[in-house]
$ cat data-v2.cif   # mmCIF, N, CA and C atoms
data_query
loop_
_atom_site.label_atom_id
_atom_site.label_comp_id
_atom_site.auth_asym_id
_atom_site.auth_seq_id
_atom_site.Cartn_x
_atom_site.Cartn_y
_atom_site.Cartn_z
N MET A 1 4.37 14.49 -5.48
CA MET A 1 3.18 15.16 -4.99
C MET A 1 2.61 14.38 -3.82
N THR A 2 2.08 15.08 -2.86
CA THR A 2 1.49 14.46 -1.67
C THR A 2 0.02 14.84 -1.59
N THR A 3 -0.80 13.88 -1.19
CA THR A 3 -2.24 14.11 -1.03
C THR A 3 -2.60 13.88 0.43
N ALA A 4 -3.45 14.73 0.96
CA ALA A 4 -3.93 14.57 2.34
C ALA A 4 -5.26 13.83 2.30
N VAL A 5 -5.37 12.78 3.11
CA VAL A 5 -6.60 12.01 3.25
C VAL A 5 -7.03 12.09 4.71
N THR A 6 -8.23 12.56 4.95
CA THR A 6 -8.73 12.70 6.31
C THR A 6 -9.70 11.57 6.61
N VAL A 7 -9.46 10.90 7.74
CA VAL A 7 -10.34 9.82 8.19
C VAL A 7 -11.10 10.35 9.40
N ALA A 8 -12.43 10.33 9.29
CA ALA A 8 -13.29 10.76 10.39
C ALA A 8 -14.05 9.53 10.88
N ALA A 9 -13.68 9.06 12.06
CA ALA A 9 -14.35 7.88 12.64
C ALA A 9 -15.57 8.37 13.40
N ASN A 10 -16.57 8.83 12.66
CA ASN A 10 -17.68 9.52 13.31
C ASN A 10 -18.98 8.72 13.36
N HIS A 11 -18.92 7.42 13.18
CA HIS A 11 -20.13 6.61 13.25
C HIS A 11 -20.11 5.65 14.44
N GLY A 12 -19.27 5.94 15.43
CA GLY A 12 -19.26 5.14 16.65
C GLY A 12 -18.29 3.97 16.65
N TRP A 13 -17.57 3.79 15.55
CA TRP A 13 -16.62 2.67 15.48
C TRP A 13 -15.24 3.19 15.15
N PRO A 14 -14.19 2.60 15.73
CA PRO A 14 -12.83 2.99 15.37
C PRO A 14 -12.50 2.49 13.96
N VAL A 15 -11.52 3.13 13.37
CA VAL A 15 -11.10 2.80 12.01
C VAL A 15 -9.61 2.48 12.03
N ARG A 16 -9.24 1.35 11.40
CA ARG A 16 -7.83 0.99 11.27
C ARG A 16 -7.33 1.49 9.92
N VAL A 17 -6.25 2.26 9.95
CA VAL A 17 -5.63 2.75 8.73
C VAL A 17 -4.27 2.08 8.61
N THR A 18 -4.08 1.35 7.52
CA THR A 18 -2.79 0.71 7.26
C THR A 18 -2.08 1.51 6.19
N GLU A 19 -0.93 2.06 6.56
CA GLU A 19 -0.11 2.80 5.60
C GLU A 19 0.87 1.80 4.99
N ILE A 20 0.84 1.65 3.68
CA ILE A 20 1.68 0.68 2.98
C ILE A 20 2.72 1.47 2.18
N TYR A 21 3.97 1.30 2.58
CA TYR A 21 5.07 2.02 1.93
C TYR A 21 5.80 1.09 0.98
N LYS A 22 5.95 1.53 -0.26
CA LYS A 22 6.66 0.75 -1.27
C LYS A 22 8.02 1.39 -1.53
N GLY A 23 9.00 0.54 -1.77
CA GLY A 23 10.31 1.05 -2.13
C GLY A 23 10.24 1.74 -3.49
N ILE A 24 11.26 2.48 -3.83
CA ILE A 24 11.29 3.19 -5.11
C ILE A 24 11.11 2.23 -6.28
N THR A 25 11.64 1.02 -6.15
CA THR A 25 11.48 0.04 -7.23
C THR A 25 10.12 -0.63 -7.19
N GLY A 26 9.36 -0.43 -6.12
CA GLY A 26 8.04 -1.01 -5.98
C GLY A 26 8.05 -2.45 -5.51
N THR A 27 9.23 -2.96 -5.12
CA THR A 27 9.31 -4.37 -4.74
C THR A 27 9.19 -4.62 -3.25
N SER A 28 9.74 -3.74 -2.43
CA SER A 28 9.69 -3.98 -0.99
C SER A 28 8.60 -3.12 -0.37
N THR A 29 7.96 -3.65 0.67
CA THR A 29 6.92 -2.88 1.34
C THR A 29 7.10 -2.95 2.85
N THR A 30 6.67 -1.92 3.50
CA THR A 30 6.56 -1.92 4.95
C THR A 30 5.17 -1.39 5.28
N GLU A 31 4.67 -1.74 6.43
CA GLU A 31 3.34 -1.31 6.82
C GLU A 31 3.37 -0.68 8.20
N ALA A 32 2.51 0.30 8.38
CA ALA A 32 2.29 0.91 9.69
C ALA A 32 0.79 0.94 9.91
N ARG A 33 0.33 0.44 11.05
CA ARG A 33 -1.10 0.43 11.36
C ARG A 33 -1.40 1.45 12.45
N VAL A 34 -2.43 2.22 12.20
CA VAL A 34 -2.85 3.27 13.12
C VAL A 34 -4.34 3.09 13.37
N ILE A 35 -4.77 3.24 14.61
CA ILE A 35 -6.20 3.19 14.94
C ILE A 35 -6.69 4.62 15.16
N VAL A 36 -7.71 5.01 14.41
CA VAL A 36 -8.39 6.28 14.64
C VAL A 36 -9.59 5.94 15.52
N LYS A 37 -9.57 6.40 16.76
CA LYS A 37 -10.63 6.06 17.71
C LYS A 37 -11.96 6.68 17.30
N ALA A 38 -13.05 6.04 17.72
CA ALA A 38 -14.38 6.55 17.43
C ALA A 38 -14.50 7.99 17.89
N GLY A 39 -15.03 8.83 17.02
CA GLY A 39 -15.20 10.25 17.33
C GLY A 39 -14.01 11.12 16.97
N GLU A 40 -12.90 10.51 16.55
CA GLU A 40 -11.70 11.29 16.23
C GLU A 40 -11.59 11.54 14.72
N LEU A 41 -10.78 12.52 14.41
CA LEU A 41 -10.48 12.91 13.04
C LEU A 41 -8.98 12.92 12.89
N ARG A 42 -8.46 12.31 11.83
CA ARG A 42 -7.01 12.26 11.64
C ARG A 42 -6.68 12.35 10.16
N THR A 43 -5.62 13.08 9.83
CA THR A 43 -5.21 13.27 8.44
C THR A 43 -3.93 12.49 8.18
N PHE A 44 -3.90 11.81 7.04
CA PHE A 44 -2.75 11.02 6.60
C PHE A 44 -2.25 11.57 5.27
N ALA A 45 -0.95 11.44 5.04
CA ALA A 45 -0.36 11.87 3.78
C ALA A 45 -0.07 10.64 2.91
N VAL A 46 -0.47 10.72 1.67
CA VAL A 46 -0.15 9.65 0.72
C VAL A 46 0.59 10.27 -0.46
N HIS A 47 1.41 9.44 -1.09
CA HIS A 47 2.20 9.90 -2.23
C HIS A 47 2.48 8.71 -3.14
N SER A 48 3.32 8.89 -4.11
CA SER A 48 3.53 7.85 -5.13
C SER A 48 4.06 6.53 -4.56
N HIS A 49 4.66 6.55 -3.36
CA HIS A 49 5.20 5.33 -2.77
C HIS A 49 4.46 4.93 -1.49
N CYS A 50 3.25 5.43 -1.31
CA CYS A 50 2.47 5.12 -0.12
C CYS A 50 1.00 4.95 -0.48
N ASP A 51 0.41 3.84 -0.05
CA ASP A 51 -1.01 3.59 -0.22
C ASP A 51 -1.65 3.48 1.16
N LEU A 52 -2.95 3.73 1.23
CA LEU A 52 -3.69 3.57 2.47
C LEU A 52 -4.74 2.49 2.30
N LEU A 53 -4.88 1.65 3.32
CA LEU A 53 -5.96 0.68 3.41
C LEU A 53 -6.78 1.08 4.63
N ILE A 54 -8.05 1.41 4.43
CA ILE A 54 -8.89 1.94 5.50
C ILE A 54 -10.00 0.94 5.79
N HIS A 55 -10.13 0.58 7.09
CA HIS A 55 -11.10 -0.45 7.47
C HIS A 55 -11.78 -0.08 8.77
N GLU A 56 -13.13 -0.04 8.76
CA GLU A 56 -13.89 0.21 9.98
C GLU A 56 -13.90 -1.08 10.81
N LEU A 57 -13.39 -0.99 12.04
CA LEU A 57 -13.31 -2.17 12.89
C LEU A 57 -14.67 -2.56 13.43
N GLN A 58 -14.89 -3.85 13.53
CA GLN A 58 -16.11 -4.41 14.09
C GLN A 58 -15.77 -5.02 15.44
N PRO A 59 -16.77 -5.30 16.29
CA PRO A 59 -16.49 -5.78 17.65
C PRO A 59 -15.57 -7.00 17.71
N ASP A 60 -15.67 -7.92 16.77
CA ASP A 60 -14.84 -9.12 16.83
C ASP A 60 -13.41 -8.87 16.33
N GLU A 61 -13.11 -7.63 15.92
CA GLU A 61 -11.78 -7.31 15.39
C GLU A 61 -10.97 -6.39 16.30
N MET A 62 -11.53 -5.98 17.42
CA MET A 62 -10.83 -5.00 18.24
C MET A 62 -10.76 -5.41 19.70
N PRO A 63 -9.79 -4.85 20.40
CA PRO A 63 -9.69 -5.14 21.82
C PRO A 63 -10.89 -4.55 22.56
N PRO A 64 -11.28 -5.16 23.68
CA PRO A 64 -12.47 -4.72 24.42
C PRO A 64 -12.49 -3.23 24.77
N GLU A 65 -11.34 -2.65 25.04
CA GLU A 65 -11.33 -1.24 25.45
C GLU A 65 -11.75 -0.30 24.32
N LEU A 66 -11.76 -0.77 23.08
CA LEU A 66 -12.19 0.08 21.96
C LEU A 66 -13.66 -0.11 21.58
N ILE A 67 -14.34 -1.09 22.18
CA ILE A 67 -15.73 -1.32 21.85
C ILE A 67 -16.58 -0.24 22.52
N PRO A 68 -17.37 0.48 21.70
CA PRO A 68 -18.19 1.53 22.30
C PRO A 68 -19.28 0.96 23.20
N PRO A 69 -19.67 1.72 24.22
CA PRO A 69 -20.73 1.22 25.12
C PRO A 69 -22.05 1.15 24.37
N PRO A 70 -22.94 0.24 24.80
CA PRO A 70 -24.25 0.15 24.15
C PRO A 70 -25.08 1.40 24.42
N ASP A 71 -25.96 1.72 23.49
CA ASP A 71 -26.87 2.86 23.69
C ASP A 71 -27.82 2.56 24.84
N GLU A 72 -28.05 3.56 25.64
CA GLU A 72 -28.98 3.37 26.77
C GLU A 72 -30.29 4.05 26.50
#
$ encode --input "data-v2.cif" --output "structure tokens"
Amino acid sequence: MTTAVTVAANHGWPVRVTEIYKGITGTSTTEARVIVKAGELRTFAVHSHCDLLIHELQPDEMPPELIPPPDE
């Protein structure tokens, strides 16, 4: 079975989504990191061999081009 998880980065900060894939035996893992930019919406699929780690990035964790401009 597959579940859809939607990440909405709608509070002005990008979100890092780490997809963690486990082997059928559960012993080996691989990871894929995706950045959902501020203001974007993205859907991920998870299943029995895939977990998601979702983290809102802070200014000290992201490259300068992803830091939102200050409010004027």
$ atom_distance --input "data-v2.cif" --atom1 "atom N of Ala9 in chain A" --atom2 "atom C of Gly39 in chain A"
5.3 Å
$ resolve_selection --input "data-v2.cif" --expression "the PyMOL selection byres ((chain A and resi 54) around 6)" --output "list of chain:residue names"
A:Arg16, A:Val17, A:Thr18, A:Leu52, A:Leu53, A:His55, A:Glu56
$ closest_residue --input "data-v2.cif" --among "A:Cys50, A:Met62, A:Ala32, A:Ala38" --to "Pro14 in chain A" --atoms "only N, CA and C atoms"
A:Ala38
$ closest_residue --input "data-v2.cif" --among "A:Arg42, A:Ile35, A:Thr29, A:Tyr21" --to "Ala8 in chain A" --atoms "only N, CA and C atoms"
A:Arg42
$ select_by_dssp --input "data-v2.cif" --residues "chain A" --states "strand (DSSP E)" --output "MDAnalysis selection string"
chainID A and resid 2:8 15:22 29:36 41:47 50:56
$ residues_around --input "data-v2.cif" --residues "His11 in chain A" --least-positions-apart "6" --cutoff "12 Å" --atoms "only C-alpha atoms" --output "PyMOL selection string"
chain A and resi 36-41+56-58+68
$ atom_distance --input "data-v2.cif" --atom1 "CA of Glu61 in chain A" --atom2 "CA of Glu31 in chain A"
18.4 Å
$ closest_residue --input "data-v2.cif" --among "A:Ala4, A:Gly12, A:Pro64, A:Ile20" --to "Asp51 in chain A" --atoms "all atoms listed in the file"
A:Ile20
$ atom_distance --input "data-v2.cif" --atom1 "atom C of Val5 in chain A" --atom2 "atom C of His47 in chain A"
12.8 Å
$ select_by_dssp --input "data-v2.cif" --residues "range 34-69 of chain A" --states "helix (DSSP H, G or I)" --output "list in words"
Pro59, Asp60, Glu61, Pro64, Glu65 and Leu66 of chain A
$ closest_residue --input "data-v2.cif" --among "A:Arg33, A:Pro59, A:Ala45, A:Glu65" --to "Trp13 in chain A" --atoms "only C-alpha atoms"
A:Pro59
